[in-house]
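K.L.:
Enclosed is the structure file structure-v4.json (JSON, C-alpha atoms).
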```
[["chain", "number", "residue", "atom", "x", "y", "z"],
["A", 1, "MET", "CA", 85.99, 99.34, 61.19],
["A", 2, "PRO", "CA", 83.39, 99.04, 63.95],
["A", 3, "ILE", "CA", 84.25, 100.66, 67.27],
["A", 4, "PRO", "CA", 83.91, 98.75, 70.55],
["A", 5, "GLU", "CA", 81.63, 100.13, 73.21],
["A", 6, "SER", "CA", 83.37, 102.31, 75.81],
["A", 7, "GLN", "CA", 84.03, 100.55, 79.09],
["A", 8, "ASP", "CA", 84.46, 103.75, 81.03],
["A", 9, "GLY", "CA", 80.97, 104.71, 82.08],
["A", 10, "GLY", "CA", 77.44, 105.53, 81.06],
["A", 11, "GLY", "CA", 78.20, 106.82, 77.58],
["A", 12, "THR", "CA", 76.71, 105.31, 74.45],
["A", 13, "ALA", "CA", 78.71, 103.15, 72.06],
["A", 14, "PRO", "CA", 80.51, 105.13, 69.35],
["A", 15, "ALA", "CA", 79.24, 104.81, 65.80],
["A", 16, "ALA", "CA", 81.36, 103.65, 62.89],
["A", 17, "ALA", "CA", 82.39, 106.28, 60.38],
["A", 18, "SER", "CA", 79.73, 105.16, 57.93],
["A", 19, "ASP", "CA", 76.94, 105.84, 60.45],
["A", 20, "VAL", "CA", 75.50, 109.16, 61.57],
["A", 21, "PRO", "CA", 78.51, 111.17, 62.77],
["A", 22, "PHE", "CA", 79.05, 112.48, 66.25],
["A", 23, "ASP", "CA", 78.16, 116.11, 66.73],
["A", 24, "ALA", "CA", 81.70, 116.67, 67.96],
["A", 25, "ILE", "CA", 84.90, 114.73, 68.41],
["A", 26, "ILE", "CA", 87.22, 115.99, 71.14],
["A", 27, "VAL", "CA", 90.81, 114.89, 70.63],
["A", 28, "GLY", "CA", 92.48, 115.03, 74.03],
["A", 29, "GLY", "CA", 90.84, 114.11, 77.32],
["A", 30, "SER", "CA", 92.76, 116.25, 79.78],
["A", 31, "TYR", "CA", 91.43, 119.43, 81.42],
["A", 32, "ALA", "CA", 90.67, 121.43, 78.26],
["A", 33, "GLY", "CA", 89.15, 118.49, 76.41],
["A", 34, "LEU", "CA", 87.03, 117.46, 79.41],
["A", 35, "SER", "CA", 85.77, 121.01, 79.79],
["A", 36, "ALA", "CA", 84.87, 121.32, 76.09],
["A", 37, "ALA", "CA", 83.12, 117.96, 76.09],
["A", 38, "THR", "CA", 81.10, 118.89, 79.19],
["A", 39, "GLN", "CA", 79.59, 121.95, 77.51],
["A", 40, "LEU", "CA", 78.54, 119.91, 74.49],
["A", 41, "ALA", "CA", 77.20, 117.07, 76.64],
["A", 42, "ARG", "CA", 75.07, 119.51, 78.60],
["A", 43, "ALA", "CA", 73.63, 120.67, 75.29],
["A", 44, "ARG", "CA", 72.63, 117.01, 74.74],
["A", 45, "ARG", "CA", 74.93, 116.61, 71.78],
["A", 46, "ARG", "CA", 76.58, 113.30, 70.81],
["A", 47, "VAL", "CA", 80.21, 113.65, 71.83],
["A", 48, "LEU", "CA", 83.23, 111.37, 71.45],
["A", 49, "VAL", "CA", 86.41, 111.97, 73.42],
["A", 50, "VAL", "CA", 89.59, 110.36, 72.08],
["A", 51, "ASP", "CA", 92.38, 110.39, 74.65],
["A", 52, "GLY", "CA", 95.97, 109.12, 74.58],
["A", 53, "GLY", "CA", 96.42, 109.47, 78.35],
["A", 54, "GLN", "CA", 99.39, 111.87, 78.29],
["A", 55, "ARG", "CA", 98.47, 114.90, 80.40],
["A", 56, "ARG", "CA", 101.16, 117.57, 80.21],
["A", 57, "ASN", "CA", 101.24, 117.92, 84.01],
["A", 58, "ARG", "CA", 101.31, 114.16, 84.71],
["A", 59, "TYR", "CA", 104.70, 114.57, 86.41],
["A", 60, "ALA", "CA", 103.31, 117.02, 88.99],
["A", 61, "SER", "CA", 101.51, 115.51, 91.95],
["A", 62, "HIS", "CA", 99.37, 118.53, 92.83],
["A", 63, "SER", "CA", 97.72, 121.48, 91.11],
["A", 64, "HIS", "CA", 97.54, 124.98, 92.55],
["A", 65, "GLY", "CA", 95.69, 128.16, 91.69],
["A", 66, "PHE", "CA", 92.52, 126.50, 90.37],
["A", 67, "LEU", "CA", 89.50, 127.85, 92.24],
["A", 68, "THR", "CA", 88.05, 125.33, 94.78],
["A", 69, "ARG", "CA", 90.72, 122.74, 93.86],
["A", 70, "ASP", "CA", 93.86, 124.46, 95.15],
["A", 71, "GLY", "CA", 96.28, 121.73, 96.22],
["A", 72, "SER", "CA", 94.28, 118.87, 94.72],
["A", 73, "GLY", "CA", 96.04, 116.02, 92.98],
["A", 74, "THR", "CA", 96.46, 116.55, 89.25],
["A", 75, "ALA", "CA", 95.35, 113.01, 88.44],
["A", 76, "ALA", "CA", 92.40, 113.27, 90.82],
["A", 77, "ILE", "CA", 91.07, 116.40, 89.10],
["A", 78, "ALA", "CA", 91.28, 114.71, 85.69],
["A", 79, "ALA", "CA", 89.72, 111.47, 86.95],
["A", 80, "GLU", "CA", 86.83, 113.26, 88.63],
["A", 81, "GLY", "CA", 86.21, 115.35, 85.53],
["A", 82, "LYS", "CA", 86.15, 112.23, 83.38],
["A", 83, "ALA", "CA", 83.73, 110.44, 85.73],
["A", 84, "GLN", "CA", 81.38, 113.42, 85.76],
["A", 85, "LEU", "CA", 81.53, 113.72, 81.98],
["A", 86, "LEU", "CA", 80.76, 110.05, 81.39],
["A", 87, "ALA", "CA", 77.61, 110.34, 83.49],
["A", 88, "TYR", "CA", 76.06, 112.08, 80.45],
["A", 89, "ALA", "CA", 74.40, 109.48, 78.25],
["A", 90, "SER", "CA", 75.41, 111.18, 74.99],
["A", 91, "VAL", "CA", 79.15, 110.92, 75.70],
["A", 92, "SER", "CA", 81.49, 108.16, 74.50],
["A", 93, "TRP", "CA", 85.18, 107.71, 75.27],
["A", 94, "LEU", "CA", 87.96, 105.97, 73.36],
["A", 95, "ASP", "CA", 91.43, 105.37, 74.79],
["A", 96, "GLY", "CA", 93.81, 105.76, 71.90],
["A", 97, "THR", "CA", 95.94, 108.14, 69.85],
["A", 98, "ALA", "CA", 94.47, 110.06, 66.93],
["A", 99, "VAL", "CA", 97.04, 109.98, 64.14],
["A", 100, "ALA", "CA", 95.17, 111.48, 61.19],
["A", 101, "ALA", "CA", 92.31, 113.88, 60.50],
["A", 102, "ALA", "CA", 90.77, 115.03, 57.23],
["A", 103, "PRO", "CA", 87.51, 116.51, 55.94],
["A", 104, "SER", "CA", 84.80, 113.91, 55.48],
["A", 105, "GLY", "CA", 83.39, 113.25, 52.05],
["A", 106, "GLY", "CA", 80.50, 115.52, 51.20],
["A", 107, "GLY", "CA", 81.69, 118.24, 53.57],
["A", 108, "ASN", "CA", 79.90, 116.70, 56.55],
["A", 109, "GLY", "CA", 82.59, 117.26, 59.16],
["A", 110, "TYR", "CA", 85.84, 115.44, 59.77],
["A", 111, "ASP", "CA", 87.16, 111.89, 59.80],
["A", 112, "VAL", "CA", 89.63, 111.01, 62.55],
["A", 113, "THR", "CA", 91.79, 107.90, 62.38],
["A", 114, "LEU", "CA", 93.30, 106.30, 65.47],
["A", 115, "ALA", "CA", 96.61, 104.46, 65.65],
["A", 116, "ASP", "CA", 94.81, 101.09, 65.69],
["A", 117, "GLY", "CA", 92.94, 101.91, 62.47],
["A", 118, "THR", "CA", 89.66, 102.92, 64.12],
["A", 119, "LEU", "CA", 87.89, 105.58, 62.05],
["A", 120, "VAL", "CA", 85.38, 108.02, 63.56],
["A", 121, "ARG", "CA", 83.48, 110.95, 62.09],
["A", 122, "GLY", "CA", 82.32, 114.18, 63.69],
["A", 123, "ARG", "CA", 80.49, 117.25, 62.45],
["A", 124, "ARG", "CA", 82.85, 119.39, 64.53],
["A", 125, "LEU", "CA", 86.39, 118.73, 65.73],
["A", 126, "VAL", "CA", 87.90, 120.13, 68.93],
["A", 127, "LEU", "CA", 91.67, 119.76, 69.26],
["A", 128, "ALA", "CA", 92.78, 119.65, 72.89],
["A", 129, "THR", "CA", 95.99, 117.81, 72.09],
["A", 130, "GLY", "CA", 98.40, 119.81, 74.26],
["A", 131, "VAL", "CA", 102.11, 120.39, 73.91],
["A", 132, "ILE", "CA", 105.34, 118.60, 74.82],
["A", 133, "ASP", "CA", 107.98, 120.33, 76.95],
["A", 134, "GLU", "CA", 111.54, 120.06, 75.68],
["A", 135, "LEU", "CA", 113.99, 120.34, 78.58],
["A", 136, "PRO", "CA", 117.64, 121.39, 78.24],
["A", 137, "PRO", "CA", 120.07, 118.43, 78.35],
["A", 138, "VAL", "CA", 121.27, 118.87, 81.93],
["A", 139, "ALA", "CA", 121.79, 115.67, 83.91],
["A", 140, "GLY", "CA", 119.21, 115.18, 86.67],
["A", 141, "LEU", "CA", 116.80, 117.78, 85.31],
["A", 142, "ALA", "CA", 114.21, 115.56, 83.61],
["A", 143, "GLU", "CA", 113.95, 113.24, 86.63],
["A", 144, "ARG", "CA", 112.83, 116.18, 88.78],
["A", 145, "TRP", "CA", 110.47, 117.75, 86.24],
["A", 146, "GLY", "CA", 107.14, 118.53, 87.92],
["A", 147, "ARG", "CA", 108.45, 117.62, 91.39],
["A", 148, "SER", "CA", 111.13, 120.21, 92.13],
["A", 149, "VAL", "CA", 111.79, 121.59, 88.63],
["A", 150, "PHE", "CA", 108.95, 123.75, 87.30],
["A", 151, "HIS", "CA", 107.93, 126.22, 84.60],
["A", 152, "CYS", "CA", 105.06, 128.19, 86.24],
["A", 153, "PRO", "CA", 105.66, 130.36, 89.33],
["A", 154, "TYR", "CA", 101.92, 130.79, 89.90],
["A", 155, "CYS", "CA", 101.46, 127.02, 89.99],
["A", 156, "HIS", "CA", 104.41, 126.10, 92.20],
["A", 157, "GLY", "CA", 106.15, 129.19, 93.61],
["A", 158, "TYR", "CA", 104.16, 129.61, 96.84],
["A", 159, "GLU", "CA", 104.97, 126.11, 98.10],
["A", 160, "LEU", "CA", 108.71, 126.90, 98.07],
["A", 161, "GLU", "CA", 108.12, 128.91, 101.26],
["A", 162, "GLN", "CA", 110.22, 131.92, 100.17],
["A", 163, "GLY", "CA", 113.31, 129.71, 100.06],
["A", 164, "ALA", "CA", 116.22, 129.61, 97.63],
["A", 165, "ILE", "CA", 114.94, 129.46, 94.05],
["A", 166, "GLY", "CA", 117.07, 128.78, 90.99],
["A", 167, "VAL", "CA", 116.39, 129.82, 87.40],
["A", 168, "LEU", "CA", 118.26, 127.78, 84.79],
["A", 169, "ALA", "CA", 118.61, 129.87, 81.65],
["A", 170, "THR", "CA", 117.52, 128.43, 78.33],
["A", 171, "GLY", "CA", 117.44, 131.72, 76.40],
["A", 172, "PRO", "CA", 116.14, 135.29, 76.60],
["A", 173, "LEU", "CA", 112.75, 134.14, 77.98],
["A", 174, "SER", "CA", 114.52, 133.04, 81.17],
["A", 175, "MET", "CA", 115.09, 136.72, 81.98],
["A", 176, "HIS", "CA", 111.34, 136.98, 82.56],
["A", 177, "HIS", "CA", 111.47, 134.09, 85.05],
["A", 178, "ALA", "CA", 114.42, 135.64, 86.88],
["A", 179, "LEU", "CA", 112.64, 138.98, 87.29],
["A", 180, "MET", "CA", 109.34, 137.41, 88.39],
["A", 181, "LEU", "CA", 110.51, 134.89, 90.95],
["A", 182, "PRO", "CA", 111.87, 137.21, 93.67],
["A", 183, "ASP", "CA", 108.23, 137.59, 94.76],
["A", 184, "TRP", "CA", 108.42, 133.89, 95.78],
["A", 185, "GLY", "CA", 111.93, 133.61, 97.24],
["A", 186, "THR", "CA", 115.63, 134.42, 96.96],
["A", 187, "VAL", "CA", 116.64, 133.93, 93.34],
["A", 188, "THR", "CA", 119.86, 132.75, 91.71],
["A", 189, "PHE", "CA", 120.03, 132.98, 87.92],
["A", 190, "PHE", "CA", 122.24, 130.28, 86.38],
["A", 191, "LEU", "CA", 123.18, 131.50, 82.89],
["A", 192, "ASN", "CA", 124.97, 128.26, 81.87],
["A", 193, "GLY", "CA", 126.07, 129.76, 78.56],
["A", 194, "ALA", "CA", 122.49, 129.96, 77.29],
["A", 195, "PHE", "CA", 121.95, 133.69, 77.80],
["A", 196, "GLU", "CA", 123.97, 136.79, 78.66],
["A", 197, "PRO", "CA", 122.10, 139.81, 80.09],
["A", 198, "ASP", "CA", 123.05, 143.20, 78.75],
["A", 199, "ALA", "CA", 123.91, 146.12, 81.03],
["A", 200, "ALA", "CA", 120.31, 147.29, 81.38],
["A", 201, "GLN", "CA", 119.13, 143.76, 82.16],
["A", 202, "LEU", "CA", 121.87, 143.34, 84.76],
["A", 203, "ASP", "CA", 120.61, 146.52, 86.42],
["A", 204, "GLN", "CA", 117.07, 145.09, 86.45],
["A", 205, "LEU", "CA", 118.28, 141.85, 88.00],
["A", 206, "ALA", "CA", 120.27, 143.72, 90.65],
["A", 207, "ALA", "CA", 117.23, 145.85, 91.49],
["A", 208, "ARG", "CA", 115.24, 142.66, 92.11],
["A", 209, "GLY", "CA", 118.00, 141.15, 94.26],
["A", 210, "VAL", "CA", 118.82, 138.36, 91.80],
["A", 211, "THR", "CA", 122.25, 136.73, 92.02],
["A", 212, "VAL", "CA", 123.79, 135.92, 88.63],
["A", 213, "VAL", "CA", 126.01, 132.84, 88.22],
["A", 214, "ARG", "CA", 127.84, 132.40, 84.91],
["A", 215, "ALA", "CA", 129.81, 129.20, 85.59],
["A", 216, "PRO", "CA", 128.69, 126.11, 83.66],
["A", 217, "VAL", "CA", 126.24, 123.69, 85.30],
["A", 218, "ALA", "CA", 127.18, 120.01, 85.54],
["A", 219, "ARG", "CA", 123.98, 118.44, 86.93],
["A", 220, "ILE", "CA", 120.99, 118.79, 89.20],
["A", 221, "ASP", "CA", 121.19, 116.79, 92.42],
["A", 222, "GLY", "CA", 119.28, 116.30, 95.69],
["A", 223, "GLU", "CA", 115.96, 118.15, 95.82],
["A", 224, "ALA", "CA", 116.91, 120.78, 93.24],
["A", 225, "ASP", "CA", 120.57, 121.49, 94.00],
["A", 226, "VAL", "CA", 122.57, 122.96, 91.14],
["A", 227, "VAL", "CA", 126.02, 121.38, 90.95],
["A", 228, "MET", "CA", 128.56, 123.30, 88.91],
["A", 229, "GLN", "CA", 131.33, 121.79, 86.78],
["A", 230, "ASP", "CA", 133.91, 122.96, 89.33],
["A", 231, "GLY", "CA", 132.14, 120.85, 91.97],
["A", 232, "SER", "CA", 130.54, 123.72, 93.88],
["A", 233, "ARG", "CA", 126.91, 123.27, 94.87],
["A", 234, "HIS", "CA", 124.00, 125.69, 95.20],
["A", 235, "ALA", "CA", 121.23, 124.25, 97.40],
["A", 236, "MET", "CA", 117.82, 125.21, 95.97],
["A", 237, "ALA", "CA", 114.29, 124.61, 97.23],
["A", 238, "GLY", "CA", 113.12, 124.57, 93.61],
["A", 239, "LEU", "CA", 114.35, 125.28, 90.12],
["A", 240, "PHE", "CA", 112.50, 126.97, 87.24],
["A", 241, "VAL", "CA", 113.15, 126.35, 83.56],
["A", 242, "ALA", "CA", 111.55, 128.06, 80.56],
["A", 243, "THR", "CA", 111.01, 125.06, 78.30],
["A", 244, "ARG", "CA", 110.70, 125.03, 74.56],
["A", 245, "THR", "CA", 107.35, 123.48, 73.61],
["A", 246, "ARG", "CA", 106.11, 121.70, 70.51],
["A", 247, "LEU", "CA", 102.64, 120.59, 69.55],
["A", 248, "ALA", "CA", 101.96, 117.07, 70.81],
["A", 249, "SER", "CA", 99.96, 116.18, 67.71],
["A", 250, "THR", "CA", 100.26, 116.79, 63.96],
["A", 251, "LEU", "CA", 96.47, 116.94, 63.45],
["A", 252, "ALA", "CA", 96.34, 120.74, 63.27],
["A", 253, "ALA", "CA", 99.06, 120.78, 60.61],
["A", 254, "GLN", "CA", 97.35, 117.99, 58.65],
["A", 255, "LEU", "CA", 94.13, 120.00, 58.59],
["A", 256, "GLY", "CA", 95.89, 123.18, 57.50],
["A", 257, "CYS", "CA", 95.23, 125.15, 60.70],
["A", 258, "ALA", "CA", 97.24, 128.37, 60.88],
["A", 259, "LEU", "CA", 99.91, 128.38, 63.58],
["A", 260, "GLU", "CA", 101.53, 131.17, 65.55],
["A", 261, "GLU", "CA", 105.05, 131.22, 66.96],
["A", 262, "GLY", "CA", 104.97, 132.10, 70.64],
["A", 263, "ALA", "CA", 107.83, 132.82, 73.00],
["A", 264, "MET", "CA", 107.95, 129.15, 74.03],
["A", 265, "GLY", "CA", 107.02, 127.55, 70.72],
["A", 266, "PRO", "CA", 104.26, 127.18, 68.11],
["A", 267, "PHE", "CA", 100.57, 126.98, 68.93],
["A", 268, "VAL", "CA", 97.36, 126.91, 66.90],
["A", 269, "ARG", "CA", 95.98, 130.32, 66.03],
["A", 270, "THR", "CA", 92.41, 130.78, 67.27],
["A", 271, "ASP", "CA", 89.94, 133.62, 67.56],
["A", 272, "GLU", "CA", 88.18, 134.67, 70.76],
["A", 273, "GLN", "CA", 85.74, 131.78, 70.27],
["A", 274, "LYS", "CA", 88.64, 129.27, 70.09],
["A", 275, "ALA", "CA", 87.87, 128.63, 66.39],
["A", 276, "SER", "CA", 90.91, 127.80, 64.27],
["A", 277, "SER", "CA", 91.45, 129.10, 60.74],
["A", 278, "VAL", "CA", 89.75, 125.92, 59.42],
["A", 279, "PRO", "CA", 85.94, 126.05, 59.66],
["A", 280, "GLY", "CA", 84.56, 123.45, 62.04],
["A", 281, "VAL", "CA", 87.87, 122.91, 63.84],
["A", 282, "PHE", "CA", 88.31, 124.43, 67.30],
["A", 283, "CYS", "CA", 91.40, 124.33, 69.50],
["A", 284, "CYS", "CA", 91.75, 124.78, 73.25],
["A", 285, "GLY", "CA", 94.24, 124.34, 76.06],
["A", 286, "ASP", "CA", 98.01, 124.50, 75.68],
["A", 287, "ALA", "CA", 97.85, 123.65, 71.96],
["A", 288, "GLY", "CA", 95.85, 126.83, 71.37],
["A", 289, "ARG", "CA", 97.50, 129.43, 73.60],
["A", 290, "MET", "CA", 101.00, 130.73, 74.34],
["A", 291, "ALA", "CA", 101.09, 129.60, 77.98],
["A", 292, "GLY", "CA", 98.78, 127.61, 80.17],
["A", 293, "SER", "CA", 97.65, 126.21, 83.49],
["A", 294, "VAL", "CA", 94.78, 124.00, 84.65],
["A", 295, "ALA", "CA", 92.59, 127.07, 85.15],
["A", 296, "PHE", "CA", 93.38, 128.46, 81.69],
["A", 297, "ALA", "CA", 92.82, 125.04, 80.11],
["A", 298, "VAL", "CA", 89.39, 124.62, 81.70],
["A", 299, "ALA", "CA", 88.34, 128.12, 80.64],
["A", 300, "ASP", "CA", 89.64, 127.55, 77.10],
["A", 301, "GLY", "CA", 87.80, 124.26, 76.86],
["A", 302, "ALA", "CA", 84.53, 125.75, 78.05],
["A", 303, "MET", "CA", 84.75, 128.44, 75.37],
["A", 304, "ALA", "CA", 85.61, 125.91, 72.65],
["A", 305, "GLY", "CA", 82.74, 123.63, 73.66],
["A", 306, "VAL", "CA", 80.20, 126.45, 73.72],
["A", 307, "ALA", "CA", 81.46, 127.82, 70.38],
["A", 308, "ALA", "CA", 81.34, 124.39, 68.75],
["A", 309, "HIS", "CA", 77.76, 123.97, 69.95],
["A", 310, "ARG", "CA", 76.76, 127.40, 68.66],
["A", 311, "SER", "CA", 78.25, 126.55, 65.27],
["A", 312, "LEU", "CA", 76.09, 123.41, 65.13],
["A", 313, "MET", "CA", 73.02, 125.55, 65.73],
["A", 314, "PHE", "CA", 73.82, 128.62, 63.67],
["A", 315, "GLY", "CA", 76.38, 127.48, 61.11],
["A", 316, "LEU", "CA", 80.07, 128.08, 60.63],
["A", 317, "ALA", "CA", 81.83, 131.36, 60.12],
["A", 318, "PRO", "CA", 83.80, 131.70, 56.88],
["A", 319, "ALA", "CA", 87.43, 130.61, 56.90],
["A", 320, "ALA", "CA", 89.74, 133.20, 58.43]]
```
Rewrite the structure of this file - the entire thing - as structure tokens.
P.N.:
Amino acid sequence: MPIPESQDGGGTAPAAASDVPFDAIIVGGSYAGLSAATQLARARRRVLVVDGGQRRNRYASHSHGFLTRDGSGTAAIAAEGKAQLLAYASVSWLDGTAVAAAPSGGGNGYDVTLADGTLVRGRRLVLATGVIDELPPVAGLAERWGRSVFHCPYCHGYELEQGAIGVLATGPLSMHHALMLPDWGTVTFFLNGAFEPDAAQLDQLAARGVTVVRAPVARIDGEADVVMQDGSRHAMAGLFVATRTRLASTLAAQLGCALEEGAMGPFVRTDEQKASSVPGVFCCGDAGRMAGSVAFAVADGAMAGVAAHRSLMFGLAPAA
């Protein structure tokens, strides 16, 4: 079906799948996707960004640790990046969710289908689809996610002003959180039946000054207070949780991209050029690495965009 012209800026109207394909389709318009698209746009390539509007960090008001933008609003960074990208005449943007992807007929790239039936074609495909965080089922936790409940000490630890910091265990990975966070405050490790340190780990925690609490947690209240089932309360400035993540899109699986199982969940296997195991498909951001931040996502995207452009010039490497 024909595709309506983007209403978001100076980009050209997308072509229907039967027309000359885009040089690259970027699926995901958050930090990694914007960064990848910018590299291709600056190489004067025809680029389409398809975005479902679900940034992973949409619950956090501010971003930290990103050079020159420390403390900036998360939405503001994304909006400014989008506005700058759409100033390039070769860029088009579609708001929508990509639900299917497959090789185009004749081996000329990939067809991407959106939820509304729109079909687009690109010679290269960059997946910047992100991941979804799965939180433990503790009352009050999800409502505070990104505001006073976090996963990255480098992103949010400094602003807790060396106060009381809680770590809610979800499994063995939480041990890493508990040992890291004393550099940012006074740490209490709430095991909540999800993890039991062995003797050596208890010695490590004691050496770092971490208090261990084994009693079951009932809910999170106030700013980030941990209320136990016996009614006792631990007042916390912030709480850290090692989430389980899953890929936010099935496109990589549909295309046959190889996956890896990381400590937090699966991600798309890529080489140093952010190329997946499927020729012509690149992956960047949280979907293509074990852990992420805005800074990592932007760097990943830049590499994926440059590599996709190089492949258009010099051809594709054989399948890994």
K.L.:
For Arg219 of chain A, which residue out of A:Gly109, A:Gly166, A:Gly231, A:Gly301 is the nearest one, using all atoms listed in the file?
P.N.:
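When distances to Arg219 of chain A are compared using all atoms listed in the file, the smallest one comes from A:Gly231.
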K.L.:
Which residues are near segment 54-70 of chain A? Cut-off 6 Å, all atoms listed in the file, ignore same chain within fewer than 2 positions. Put them as number ranges by chain.
P.N.:
A: 30, 52, 72-74, 146-147, 155, 295
K.L.:
Counting all atoms listed in the file, which residues have an atom no more than 6 Å from (92.5, 118.9, 56.7) in the file's coordinates? Please list them as a PDB file with C-alpha atoms, in the frame of the given file.
P.N.:
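What ended up in out28.pdb:
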```pdb
ATOM      1  CA  ALA A 102      90.770 115.030  57.230  1.00  0.00           C
ATOM      2  CA  PRO A 103      87.510 116.510  55.940  1.00  0.00           C
ATOM      3  CA  GLN A 254      97.350 117.990  58.650  1.00  0.00           C
ATOM      4  CA  LEU A 255      94.130 120.000  58.590  1.00  0.00           C
ATOM      5  CA  GLY A 256      95.890 123.180  57.500  1.00  0.00           C
TER       6      GLY A 256
END
```
K.L.:
By how many Å are atom CA of Ser276 of chain A and atom CA of Cys152 of chain A apart?
P.N.:
26.1 Å
K.L.:
What does the distance between atom CA of Thr188 of chain A and atom CA of Val210 of chain A come to in Å, to one decimal place?
P.N.:
5.7 Å
K.L.:
Extract, using only C-alpha atoms, all DNA, RNA and protein residues at most 9 Å from His309 of chain A, discarding same-chain residues fewer than 5 positions from it, and format them as a PDB file with C-alpha atoms, in the frame of the given file.
P.N.:
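Final file, selection15.pdb:
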```
ATOM      1  CA  ASP A  23      78.160 116.110  66.730  1.00  0.00           C
ATOM      2  CA  ALA A  24      81.700 116.670  67.960  1.00  0.00           C
ATOM      3  CA  GLN A  39      79.590 121.950  77.510  1.00  0.00           C
ATOM      4  CA  LEU A  40      78.540 119.910  74.490  1.00  0.00           C
ATOM      5  CA  ALA A  43      73.630 120.670  75.290  1.00  0.00           C
ATOM      6  CA  ARG A  45      74.930 116.610  71.780  1.00  0.00           C
ATOM      7  CA  ARG A 124      82.850 119.390  64.530  1.00  0.00           C
ATOM      8  CA  ALA A 304      85.610 125.910  72.650  1.00  0.00           C
ATOM      9  CA  PHE A 314      73.820 128.620  63.670  1.00  0.00           C
TER      10      PHE A 314
END
```
K.L.:
For Trp93 of chain A, work out the shell of residues within 7 Å, counting only C-alpha atoms and skipping chain neighbours fewer than 2 positions away, then give it as a count of residues only.
P.N.:
6
K.L.:
As a count of residues only, please: the residues near Met180 of chain A (cut-off 12 Å, only C-alpha atoms, same-chain neighbours under 3 positions excluded).
P.N.:
27
